[in-house]
$ cat coords26.cif   # mmCIF, C-alpha atoms
data_entry
#
loop_
_atom_site.label_atom_id
_atom_site.label_comp_id
_atom_site.auth_asym_id
_atom_site.auth_seq_id
_atom_site.Cartn_x
_atom_site.Cartn_y
_atom_site.Cartn_z
CA MET A 1 -4.84 -163.56 -55.05
CA ALA A 2 -2.15 -161.16 -53.89
CA THR A 3 -0.47 -159.14 -56.61
CA ASP A 4 2.02 -156.33 -57.10
CA ARG A 5 1.58 -153.31 -59.30
CA PRO A 6 2.42 -154.22 -62.90
CA ALA A 7 5.90 -153.24 -64.00
CA PRO A 8 6.76 -151.63 -67.31
CA PRO A 9 5.75 -153.73 -70.29
CA ALA A 10 8.29 -155.27 -72.58
CA ASP A 11 8.09 -153.79 -76.04
CA ALA A 12 8.46 -155.75 -79.25
CA SER A 13 12.22 -155.40 -79.19
CA GLY A 14 12.50 -156.81 -75.72
CA GLY A 15 13.24 -153.48 -74.06
CA MET A 16 11.21 -151.85 -71.33
CA SER A 17 8.93 -148.86 -71.75
CA GLU A 18 7.59 -146.42 -69.19
CA ARG A 19 6.07 -147.60 -65.94
CA VAL A 20 2.33 -148.12 -66.05
CA ASP A 21 -0.33 -148.70 -63.42
CA LEU A 22 -3.26 -150.75 -64.70
CA ARG A 23 -5.77 -149.38 -62.21
CA ALA A 24 -8.71 -151.12 -63.86
CA LEU A 25 -7.17 -154.53 -63.16
CA THR A 26 -6.82 -153.61 -59.50
CA GLY A 27 -10.47 -152.60 -59.51
CA ALA A 28 -11.47 -155.87 -61.18
CA ARG A 29 -9.60 -157.75 -58.47
CA GLY A 30 -11.62 -155.92 -55.82
CA ILE A 31 -14.93 -156.84 -57.45
CA ALA A 32 -13.80 -160.46 -57.77
CA ALA A 33 -12.96 -160.58 -54.06
CA TRP A 34 -16.47 -159.41 -53.17
CA LEU A 35 -17.98 -162.05 -55.44
CA VAL A 36 -16.19 -164.63 -53.30
CA VAL A 37 -17.64 -163.02 -50.16
CA LEU A 38 -21.17 -163.22 -51.58
CA TYR A 39 -20.55 -166.79 -52.70
CA HIS A 40 -19.79 -167.86 -49.14
CA ILE A 41 -22.88 -166.24 -47.60
CA ARG A 42 -25.43 -166.77 -50.39
CA LEU A 43 -27.23 -169.70 -48.76
CA SER A 44 -27.65 -167.82 -45.50
CA ILE A 45 -29.40 -164.70 -46.82
CA ALA A 46 -33.10 -164.80 -46.00
CA GLY A 47 -35.46 -164.28 -48.92
CA LEU A 48 -32.80 -164.20 -51.61
CA PRO A 49 -34.41 -165.18 -54.96
CA GLN A 50 -33.26 -168.51 -56.32
CA GLY A 51 -32.04 -166.88 -59.52
CA VAL A 52 -29.71 -164.65 -57.53
CA VAL A 53 -28.54 -167.61 -55.46
CA ASP A 54 -27.71 -169.48 -58.66
CA VAL A 55 -25.67 -166.56 -59.99
CA LEU A 56 -23.77 -166.11 -56.72
CA ALA A 57 -23.13 -169.87 -56.65
CA LYS A 58 -20.59 -169.29 -59.42
CA GLY A 59 -18.61 -166.87 -57.27
CA TYR A 60 -15.95 -169.49 -56.63
CA LEU A 61 -14.81 -168.95 -60.22
CA ALA A 62 -13.44 -165.56 -59.21
CA VAL A 63 -10.46 -167.51 -57.88
CA ASP A 64 -9.65 -168.59 -61.44
CA PHE A 65 -9.56 -164.93 -62.46
CA PHE A 66 -7.20 -164.29 -59.53
CA PHE A 67 -4.83 -167.02 -60.70
CA LEU A 68 -4.73 -165.66 -64.25
CA LEU A 69 -4.30 -162.10 -63.02
CA SER A 70 -1.51 -163.15 -60.68
CA GLY A 71 0.42 -164.75 -63.54
CA PHE A 72 -0.18 -161.65 -65.65
CA VAL A 73 1.17 -159.27 -63.03
CA MET A 74 4.08 -161.47 -62.02
CA TRP A 75 5.26 -161.67 -65.62
CA MET A 76 5.02 -157.93 -66.13
CA THR A 77 6.77 -157.25 -62.84
CA TRP A 78 9.36 -160.02 -62.68
CA GLY A 79 9.62 -161.84 -66.00
CA VAL A 80 12.58 -159.88 -67.39
CA ARG A 81 14.21 -159.46 -63.99
CA LEU A 82 14.21 -163.19 -63.42
CA ARG A 83 15.67 -163.90 -66.85
CA GLU A 84 18.46 -161.35 -66.41
CA GLY A 85 19.03 -161.66 -62.68
CA GLY A 86 19.10 -165.44 -62.33
CA TRP A 87 18.99 -167.00 -58.89
CA ARG A 88 19.59 -163.67 -57.16
CA ALA A 89 16.44 -162.30 -58.73
CA ALA A 90 14.59 -165.51 -57.83
CA VAL A 91 15.52 -165.10 -54.17
CA ALA A 92 14.34 -161.49 -54.23
CA PHE A 93 11.11 -162.49 -55.96
CA LEU A 94 10.28 -165.24 -53.48
CA THR A 95 11.16 -163.01 -50.53
CA LYS A 96 8.79 -160.33 -51.73
CA ARG A 97 6.00 -162.82 -52.39
CA VAL A 98 6.30 -164.35 -48.93
CA ALA A 99 6.37 -160.86 -47.40
CA ARG A 100 3.25 -160.04 -49.36
CA VAL A 101 1.07 -163.04 -48.58
CA TRP A 102 2.28 -164.76 -45.41
CA PRO A 103 2.00 -162.17 -42.57
CA LEU A 104 -1.74 -161.56 -42.96
CA HIS A 105 -2.32 -165.28 -43.35
CA ALA A 106 -0.37 -165.96 -40.14
CA VAL A 107 -2.33 -163.34 -38.20
CA LEU A 108 -5.68 -164.69 -39.35
CA LEU A 109 -4.61 -168.27 -38.72
CA GLY A 110 -3.63 -167.24 -35.20
CA ALA A 111 -7.06 -165.69 -34.75
CA ALA A 112 -8.62 -168.92 -36.00
CA ALA A 113 -6.56 -170.92 -33.49
CA LEU A 114 -7.77 -168.69 -30.65
CA LEU A 115 -11.34 -169.14 -31.84
CA ALA A 116 -10.89 -172.91 -31.99
CA MET A 117 -9.47 -173.02 -28.47
CA ALA A 118 -12.34 -170.90 -27.18
CA MET A 119 -14.84 -173.23 -28.83
CA ALA A 120 -13.02 -176.26 -27.43
CA ALA A 121 -13.18 -174.75 -23.94
CA THR A 122 -16.95 -174.41 -24.27
CA GLY A 123 -17.45 -177.87 -25.78
CA ARG A 124 -18.21 -176.61 -29.30
CA HIS A 125 -14.98 -177.50 -31.08
CA ASP A 126 -15.45 -178.81 -34.62
CA PRO A 127 -12.43 -181.03 -35.46
CA ARG A 128 -13.31 -181.02 -39.17
CA GLU A 129 -13.24 -177.23 -39.45
CA PHE A 130 -10.37 -176.71 -36.99
CA PRO A 131 -8.11 -179.81 -36.98
CA PHE A 132 -5.22 -178.98 -34.68
CA ASP A 133 -2.98 -181.67 -36.17
CA ALA A 134 -3.14 -179.88 -39.56
CA LEU A 135 -2.21 -176.50 -38.12
CA PRO A 136 1.53 -176.70 -39.01
CA ALA A 137 0.76 -177.39 -42.68
CA HIS A 138 -1.62 -174.43 -42.76
CA LEU A 139 0.90 -172.18 -41.04
CA LEU A 140 3.50 -173.03 -43.68
CA LEU A 141 0.93 -172.56 -46.46
CA VAL A 142 1.42 -176.07 -47.82
CA GLN A 143 -2.04 -177.39 -46.90
CA ASP A 144 -3.09 -177.62 -50.54
CA TRP A 145 -0.09 -179.71 -51.52
CA GLY A 146 -1.72 -182.95 -50.43
CA LEU A 147 -0.50 -182.51 -46.85
CA ALA A 148 -3.77 -181.53 -45.13
CA ASP A 149 -7.41 -180.72 -45.74
CA PRO A 150 -7.15 -177.37 -47.54
CA LEU A 151 -10.74 -176.45 -46.68
CA SER A 152 -10.24 -176.15 -42.96
CA TRP A 153 -9.14 -173.41 -40.58
CA ASN A 154 -9.44 -170.44 -42.94
CA ASP A 155 -10.91 -171.94 -46.13
CA PRO A 156 -9.92 -169.22 -48.65
CA ALA A 157 -6.24 -169.73 -47.75
CA TRP A 158 -6.19 -172.87 -49.91
CA SER A 159 -5.69 -170.66 -52.96
CA ILE A 160 -2.78 -168.85 -51.32
CA SER A 161 -1.17 -172.22 -50.67
CA ALA A 162 -1.66 -173.07 -54.35
CA GLU A 163 -0.16 -169.72 -55.37
CA ILE A 164 2.93 -170.42 -53.28
CA ALA A 165 3.46 -173.48 -55.48
CA ALA A 166 3.06 -171.29 -58.58
CA TYR A 167 5.54 -168.74 -57.17
CA LEU A 168 8.13 -171.46 -56.62
CA LEU A 169 7.76 -172.66 -60.21
CA PHE A 170 7.57 -169.23 -61.79
CA PRO A 171 11.34 -168.54 -61.91
CA LEU A 172 11.76 -171.79 -63.85
CA LEU A 173 9.05 -170.73 -66.29
CA ALA A 174 10.63 -167.30 -66.73
CA LEU A 175 14.00 -168.88 -67.49
CA ALA A 176 12.54 -171.51 -69.81
CA ILE A 177 10.28 -169.27 -71.90
CA ASP A 178 10.82 -165.70 -73.00
CA TRP A 179 7.40 -164.71 -74.30
CA ARG A 180 8.95 -161.60 -75.88
CA ARG A 181 10.72 -163.81 -78.41
CA VAL A 182 7.68 -165.94 -79.27
CA PRO A 183 5.33 -165.08 -82.18
CA SER A 184 1.85 -163.99 -81.14
CA TRP A 185 0.16 -167.01 -82.70
CA VAL A 186 2.39 -169.31 -80.67
CA VAL A 187 1.54 -167.39 -77.48
CA ILE A 188 -2.17 -167.74 -78.26
CA ALA A 189 -1.69 -171.44 -78.97
CA ALA A 190 0.12 -171.83 -75.65
CA ILE A 191 -2.78 -170.22 -73.77
CA ALA A 192 -5.26 -172.49 -75.55
CA GLY A 193 -3.06 -175.52 -74.90
CA LEU A 194 -2.83 -174.76 -71.19
CA CYS A 195 -6.61 -174.36 -70.96
CA PHE A 196 -7.15 -177.68 -72.77
CA LEU A 197 -4.61 -179.33 -70.48
CA LEU A 198 -6.51 -178.16 -67.42
CA ALA A 199 -9.83 -179.28 -68.87
CA ALA A 200 -8.35 -182.68 -69.72
CA ALA A 201 -7.16 -183.15 -66.14
CA PHE A 202 -10.67 -182.52 -64.83
CA ALA A 203 -12.35 -184.60 -67.54
CA GLN A 204 -10.11 -187.60 -66.90
CA SER A 205 -11.25 -187.67 -63.29
CA GLY A 206 -14.89 -186.94 -64.07
CA ALA A 207 -14.77 -183.62 -62.22
CA PRO A 208 -17.54 -181.41 -63.67
CA THR A 209 -16.55 -178.04 -62.22
CA LEU A 210 -13.40 -176.15 -61.32
CA GLY A 211 -14.49 -176.17 -57.69
CA THR A 212 -14.52 -179.96 -57.54
CA ASP A 213 -12.05 -181.66 -55.20
CA ILE A 214 -9.82 -178.71 -54.33
CA ALA A 215 -7.51 -180.99 -52.36
CA ARG A 216 -6.68 -182.82 -55.58
CA PHE A 217 -6.91 -180.13 -58.24
CA GLY A 218 -6.20 -176.86 -56.42
CA VAL A 219 -2.48 -176.65 -57.18
CA VAL A 220 -2.91 -177.91 -60.75
CA ARG A 221 -5.68 -175.39 -61.34
CA CYS A 222 -3.56 -172.54 -60.01
CA VAL A 223 -0.27 -173.41 -61.72
CA ILE A 224 -1.82 -173.86 -65.17
CA GLU A 225 -3.92 -170.70 -64.98
CA PHE A 226 -0.99 -168.74 -63.56
CA ALA A 227 1.14 -169.86 -66.52
CA ALA A 228 -1.62 -168.86 -68.93
CA GLY A 229 -1.74 -165.46 -67.26
CA THR A 230 1.94 -164.89 -68.02
CA ALA A 231 1.23 -165.51 -71.71
CA VAL A 232 -1.72 -163.09 -71.62
CA ALA A 233 0.70 -160.47 -70.28
CA ALA A 234 2.93 -161.03 -73.30
CA LEU A 235 0.01 -160.36 -75.65
CA TRP A 236 -0.92 -157.20 -73.78
CA ALA A 237 2.67 -155.94 -73.93
CA ARG A 238 2.74 -156.16 -77.74
CA TRP A 239 -0.90 -155.13 -78.38
CA ARG A 240 -1.11 -152.33 -75.83
CA GLY A 241 -3.15 -149.44 -77.22
CA SER A 242 -4.81 -151.52 -79.94
CA ALA A 243 -8.57 -150.92 -80.00
CA ARG A 244 -9.02 -153.76 -82.48
CA ALA A 245 -7.28 -156.23 -80.17
CA SER A 246 -9.36 -155.16 -77.15
CA VAL A 247 -12.62 -155.56 -79.08
CA GLY A 248 -11.50 -158.93 -80.42
CA ALA A 249 -10.55 -160.18 -76.96
CA ALA A 250 -13.88 -159.02 -75.54
CA ILE A 251 -15.82 -160.78 -78.31
CA VAL A 252 -13.89 -164.01 -77.78
CA ALA A 253 -14.51 -163.79 -74.03
CA ALA A 254 -18.25 -163.28 -74.52
CA ILE A 255 -18.57 -166.13 -77.03
CA VAL A 256 -16.56 -168.61 -74.97
CA LEU A 257 -18.18 -167.78 -71.61
CA ALA A 258 -21.67 -168.11 -73.16
CA SER A 259 -20.83 -171.40 -74.89
CA PRO A 260 -21.87 -174.88 -73.70
CA LEU A 261 -18.25 -175.97 -73.28
CA PRO A 262 -17.42 -177.77 -70.01
CA GLU A 263 -16.62 -175.35 -67.20
CA PRO A 264 -12.96 -176.44 -66.79
CA LEU A 265 -12.39 -175.40 -70.42
CA ARG A 266 -14.89 -172.57 -70.81
CA VAL A 267 -13.94 -170.52 -67.77
CA PRO A 268 -10.11 -170.43 -68.02
CA THR A 269 -10.30 -169.73 -71.77
CA GLY A 270 -13.00 -167.09 -71.39
CA PHE A 271 -11.31 -165.46 -68.41
CA ALA A 272 -7.96 -165.33 -70.23
CA SER A 273 -9.66 -163.42 -73.06
CA LEU A 274 -11.51 -161.24 -70.56
CA LEU A 275 -8.28 -160.44 -68.73
CA LEU A 276 -6.65 -159.40 -71.99
CA ALA A 277 -9.62 -157.20 -72.87
CA LEU A 278 -9.60 -155.57 -69.43
CA ALA A 279 -5.85 -154.98 -69.61
CA LEU A 280 -6.03 -153.48 -73.10
CA THR A 281 -8.76 -151.04 -71.99
CA SER A 282 -7.36 -150.38 -68.54
CA GLU A 283 -5.62 -147.14 -69.42
CA ARG A 284 -8.58 -145.57 -71.19
CA ARG A 285 -9.91 -142.42 -69.58
CA GLY A 286 -13.22 -142.88 -67.82
CA ASN A 287 -12.87 -146.61 -67.29
CA PRO A 288 -15.30 -147.33 -64.41
CA LEU A 289 -13.00 -149.98 -62.97
CA SER A 290 -10.39 -147.25 -62.48
CA ALA A 291 -12.69 -145.13 -60.32
CA THR A 292 -11.20 -144.25 -56.96
CA ALA A 293 -13.68 -146.26 -54.88
CA ILE A 294 -13.42 -149.40 -57.05
CA HIS A 295 -9.66 -149.10 -57.20
CA TYR A 296 -9.49 -148.93 -53.41
CA LEU A 297 -11.55 -152.11 -53.15
CA GLY A 298 -8.82 -153.72 -55.19
CA GLN A 299 -6.07 -152.36 -52.98
CA VAL A 300 -7.58 -153.96 -49.89
CA SER A 301 -8.88 -157.03 -51.74
CA TYR A 302 -6.34 -159.47 -50.27
CA ALA A 303 -7.56 -158.60 -46.78
CA THR A 304 -11.16 -158.88 -47.97
CA TYR A 305 -10.57 -162.26 -49.52
CA LEU A 306 -8.56 -163.77 -46.68
CA GLY A 307 -10.46 -162.23 -43.77
CA HIS A 308 -14.14 -162.49 -44.62
CA PHE A 309 -14.58 -166.23 -44.00
CA LEU A 310 -13.45 -166.24 -40.37
CA LEU A 311 -15.40 -163.05 -39.77
CA TRP A 312 -18.53 -164.78 -41.04
CA ILE A 313 -18.01 -167.67 -38.60
CA VAL A 314 -17.63 -165.30 -35.66
CA PHE A 315 -20.52 -163.13 -36.86
CA LYS A 316 -22.87 -166.11 -36.98
CA LEU A 317 -21.77 -167.32 -33.55
CA LEU A 318 -22.44 -163.95 -31.96
CA LEU A 319 -25.41 -162.49 -33.81
CA VAL A 320 -27.22 -165.10 -35.90
CA SER A 321 -29.87 -167.46 -34.56
CA ASP A 322 -30.72 -169.19 -37.86
CA ALA A 323 -27.72 -169.58 -40.16
CA HIS A 324 -30.03 -170.40 -43.08
CA ALA A 325 -32.16 -167.27 -42.81
CA VAL A 326 -30.04 -164.27 -41.89
CA PRO A 327 -32.10 -161.04 -42.09
CA SER A 328 -31.02 -158.45 -44.63
CA VAL A 329 -30.18 -155.97 -41.87
CA LEU A 330 -27.65 -158.38 -40.39
CA VAL A 331 -26.29 -159.21 -43.84
CA ALA A 332 -25.73 -155.50 -44.46
CA LEU A 333 -24.00 -155.20 -41.09
CA TYR A 334 -21.73 -158.11 -41.92
CA LEU A 335 -20.78 -156.63 -45.30
CA MET A 336 -19.93 -153.33 -43.64
CA LEU A 337 -17.77 -155.19 -41.13
CA VAL A 338 -16.02 -157.01 -43.96
CA PHE A 339 -15.10 -153.70 -45.56
CA ALA A 340 -14.03 -152.12 -42.25
CA SER A 341 -11.93 -155.14 -41.31
CA SER A 342 -10.37 -155.18 -44.79
CA VAL A 343 -9.26 -151.58 -44.39
CA ALA A 344 -7.88 -152.25 -40.91
CA LEU A 345 -6.08 -155.46 -41.85
CA HIS A 346 -4.59 -153.91 -44.98
CA HIS A 347 -3.25 -150.77 -43.30
CA LEU A 348 -2.44 -152.11 -39.83
CA VAL A 349 -1.21 -155.65 -40.56
CA GLU A 350 -0.63 -156.43 -44.22
CA MET A 351 1.39 -153.41 -45.35
CA PRO A 352 3.40 -152.75 -42.13
CA ALA A 353 4.41 -156.43 -41.93
CA GLN A 354 5.44 -156.43 -45.58
CA ARG A 355 7.59 -153.33 -45.10
CA ALA A 356 9.17 -154.75 -41.96
CA ILE A 357 10.13 -158.04 -43.62
CA LEU A 358 11.55 -156.38 -46.71
CA ALA A 359 13.51 -153.88 -44.61
CA ARG A 360 15.32 -156.78 -42.92
CA ALA A 361 15.81 -158.82 -46.09
CA PRO A 362 19.39 -158.84 -47.48
CA ARG A 363 19.70 -156.58 -50.47
CA ARG A 364 21.22 -158.16 -53.56
CA PRO A 365 21.97 -156.19 -56.70
CA LEU A 366 19.87 -157.30 -59.65
CA ALA A 367 20.49 -156.97 -63.33
CA ARG A 368 19.26 -153.66 -64.63
CA VAL A 369 15.96 -153.87 -66.52
#
$ encode --input "coords26.cif" --output "structure tokens"
Amino acid sequence: MATDRPAPPADASGGMSERVDLRALTGARGIAAWLVVLYHIRLSIAGLPQGVVDVLAKGYLAVDFFFLLSGFVMWMTWGVRLREGGWRAAVAFLTKRVARVWPLHAVLLGAAALLAMAMAATGRHDPREFPFDALPAHLLLVQDWGLADPLSWNDPAWSISAEIAAYLLFPLLALAIDWRRVPSWVVIAAIAGLCFLLAAAFAQSGAPTLGTDIARFGVVRCVIEFAAGTAVAALWARWRGSARASVGAAIVAAIVLASPLPEPLRVPTGFASLLLALALTSERRGNPLSATAIHYLGQVSYATYLGHFLLWIVFKLLLVSDAHAVPSVLVALYLMLVFASSVALHHLVEMPAQRAILARAPRRPLARV
């Protein structure tokens, strides 16, 4: 879920061009985070039409877009640096990723622990939602590695645990494959192959959706989609500015996402094409996803994604009498609180903690890129 600003793209010769900021992708990340919020509260909203409930029920697929986008951005930011900097660059990469994702997670997990203790003191502790014996695995962000129930404590953090696994493997991928040296048709074939591999893993186990059995498939789902995202970044780097490529990617995305293919194949393939289309059009003037308000939603999206679930638990405990029929006024209040808390967590916890960790990290010279 958490991403850095994309670094300069590699050109066809393997060099680096000017720095770019794909604002539209940041905006898309913000919208995706809010789809996850609505997914988690959809069954509680009083009077919500069933058609809307059914649409919001697919909000969990926004996580698959996050995984692809994360691979995309990591390749653009670190792919060349890891190849040229070796283990020194890998240490710097992992340090920055931990500084980016762990502090906010730790703060929210601490808040969850306080909530669990307060509920235990009043006889309302739920050991399935807040299992104290699993707390160390959650603190270390390894709960989705088969070491604990990933959908406990702060449920959305399962995907951050899965991304940690992808981060650890990414330096090996960057050293093994230089997408700049691979023909475009091979890159496309690699993306398709990864999507088929993921679909095969789900099909073999009879899992019908990407949200099935997160404890078993979460890391696999993340690592494969992350890898596919790195290949999408390679296509963007060589096709940047091509209107024909952006239209083609958009058409492929529309056809695949509307097809009757199984979800574990349809969604990663369609989202990979969608990500490419969004990236190729990101720098166009007037792109609505680049608007200041949408872009800001993307900037605070990690706090939105990681903080909204616990806030919803507390909100229901304090203000909701019927968790299956929350009035629209209270829903609106909750959504405003999600935004306000996202802003506060981003500016008061997430960014200061990241700066503090990186300021104390040993500085190692990296190869020039």
$ residues_near_point --input "coords26.cif" --point "(3.7, -159.6, -66.2)" --cutoff "7 Å" --atoms "all atoms listed in the file" --output "PyMOL selection string"
chain A and resi 6+71-79+230+233
$ residues_around --input "coords26.cif" --residues "Ser328 (chain A)" --least-positions-apart "6" --cutoff "12 Å" --atoms "only C-alpha atoms" --output "PDB file with C-alpha atoms, keeping the file's coordinate frame"
ATOM      1  CA  ILE A  41     -22.880-166.240 -47.600  1.00  0.00           C
ATOM      2  CA  ARG A  42     -25.430-166.770 -50.390  1.00  0.00           C
ATOM      3  CA  SER A  44     -27.650-167.820 -45.500  1.00  0.00           C
ATOM      4  CA  ILE A  45     -29.400-164.700 -46.820  1.00  0.00           C
ATOM      5  CA  ALA A  46     -33.100-164.800 -46.000  1.00  0.00           C
ATOM      6  CA  GLY A  47     -35.460-164.280 -48.920  1.00  0.00           C
ATOM      7  CA  LEU A  48     -32.800-164.200 -51.610  1.00  0.00           C
ATOM      8  CA  VAL A 320     -27.220-165.100 -35.900  1.00  0.00           C
ATOM      9  CA  TYR A 334     -21.730-158.110 -41.920  1.00  0.00           C
ATOM     10  CA  LEU A 335     -20.780-156.630 -45.300  1.00  0.00           C
TER      11      LEU A 335
END
$ atom_distance --input "coords26.cif" --atom1 "CA of Ala353 (chain A)" --atom2 "CA of Gly30 (chain A)"
21.2 Å
$ resolve_selection --input "coords26.cif" --expression "the PyMOL selection byres ((chain A and resi 200) around 12)" --output "VMD selection string"
chain A and resid 193 to 199 201 to 208 210 217 220 to 221 224 262 to 265
$ residues_around --input "coords26.cif" --residues "Gln143 (chain A)" --least-positions-apart "2" --cutoff "12 Å" --atoms "all atoms listed in the file" --output "JSON list (two decimals) with C-alpha atoms, in the frame of the given file"
[["chain", "number", "residue", "atom", "x", "y", "z"],
["A", 131, "PRO", "CA", -8.11, -179.81, -36.98],
["A", 133, "ASP", "CA", -2.98, -181.67, -36.17],
["A", 134, "ALA", "CA", -3.14, -179.88, -39.56],
["A", 135, "LEU", "CA", -2.21, -176.50, -38.12],
["A", 136, "PRO", "CA", 1.53, -176.70, -39.01],
["A", 137, "ALA", "CA", 0.76, -177.39, -42.68],
["A", 138, "HIS", "CA", -1.62, -174.43, -42.76],
["A", 139, "LEU", "CA", 0.90, -172.18, -41.04],
["A", 140, "LEU", "CA", 3.50, -173.03, -43.68],
["A", 141, "LEU", "CA", 0.93, -172.56, -46.46],
["A", 145, "TRP", "CA", -0.09, -179.71, -51.52],
["A", 146, "GLY", "CA", -1.72, -182.95, -50.43],
["A", 147, "LEU", "CA", -0.50, -182.51, -46.85],
["A", 148, "ALA", "CA", -3.77, -181.53, -45.13],
["A", 149, "ASP", "CA", -7.41, -180.72, -45.74],
["A", 150, "PRO", "CA", -7.15, -177.37, -47.54],
["A", 151, "LEU", "CA", -10.74, -176.45, -46.68],
["A", 152, "SER", "CA", -10.24, -176.15, -42.96],
["A", 153, "TRP", "CA", -9.14, -173.41, -40.58],
["A", 154, "ASN", "CA", -9.44, -170.44, -42.94],
["A", 155, "ASP", "CA", -10.91, -171.94, -46.13],
["A", 156, "PRO", "CA", -9.92, -169.22, -48.65],
["A", 157, "ALA", "CA", -6.24, -169.73, -47.75],
["A", 158, "TRP", "CA", -6.19, -172.87, -49.91],
["A", 159, "SER", "CA", -5.69, -170.66, -52.96],
["A", 160, "ILE", "CA", -2.78, -168.85, -51.32],
["A", 161, "SER", "CA", -1.17, -172.22, -50.67],
["A", 162, "ALA", "CA", -1.66, -173.07, -54.35],
["A", 163, "GLU", "CA", -0.16, -169.72, -55.37],
["A", 164, "ILE", "CA", 2.93, -170.42, -53.28],
["A", 165, "ALA", "CA", 3.46, -173.48, -55.48],
["A", 214, "ILE", "CA", -9.82, -178.71, -54.33],
["A", 215, "ALA", "CA", -7.51, -180.99, -52.36],
["A", 216, "ARG", "CA", -6.68, -182.82, -55.58],
["A", 218, "GLY", "CA", -6.20, -176.86, -56.42],
["A", 219, "VAL", "CA", -2.48, -176.65, -57.18]]
$ residues_around --input "coords26.cif" --residues "Ala32 (chain A)" --least-positions-apart "6" --cutoff "9 Å" --atoms "only C-alpha atoms" --output "PyMOL selection string"
chain A and resi 59+61-63+65-66+298+301
$ decode --input "coords26.cif" --residues "region 128-147 of chain A" --atoms "C-alpha atoms" --output "tab-separated table (two decimals), in the first residue's frame"
chain	number	residue	atom	x	y	z
A	128	ARG	CA	-10.63	-13.84	18.01
A	129	GLU	CA	-10.32	-10.18	17.06
A	130	PHE	CA	-7.63	-9.33	19.61
A	131	PRO	CA	-5.55	-12.46	20.37
A	132	PHE	CA	-2.79	-11.34	22.73
A	133	ASP	CA	-0.61	-14.35	21.94
A	134	ALA	CA	-0.40	-13.22	18.29
A	135	LEU	CA	0.60	-9.66	19.16
A	136	PRO	CA	4.38	-10.18	18.65
A	137	ALA	CA	3.86	-11.51	15.11
A	138	HIS	CA	1.66	-8.52	14.29
A	139	LEU	CA	4.16	-6.09	15.79
A	140	LEU	CA	6.91	-7.53	13.57
A	141	LEU	CA	4.58	-7.48	10.54
A	142	VAL	CA	4.97	-11.19	9.89
A	143	GLN	CA	1.39	-12.17	10.74
A	144	ASP	CA	0.60	-13.03	7.13
A	145	TRP	CA	3.55	-15.39	6.79
A	146	GLY	CA	1.66	-18.30	8.32
A	147	LEU	CA	2.63	-17.25	11.85
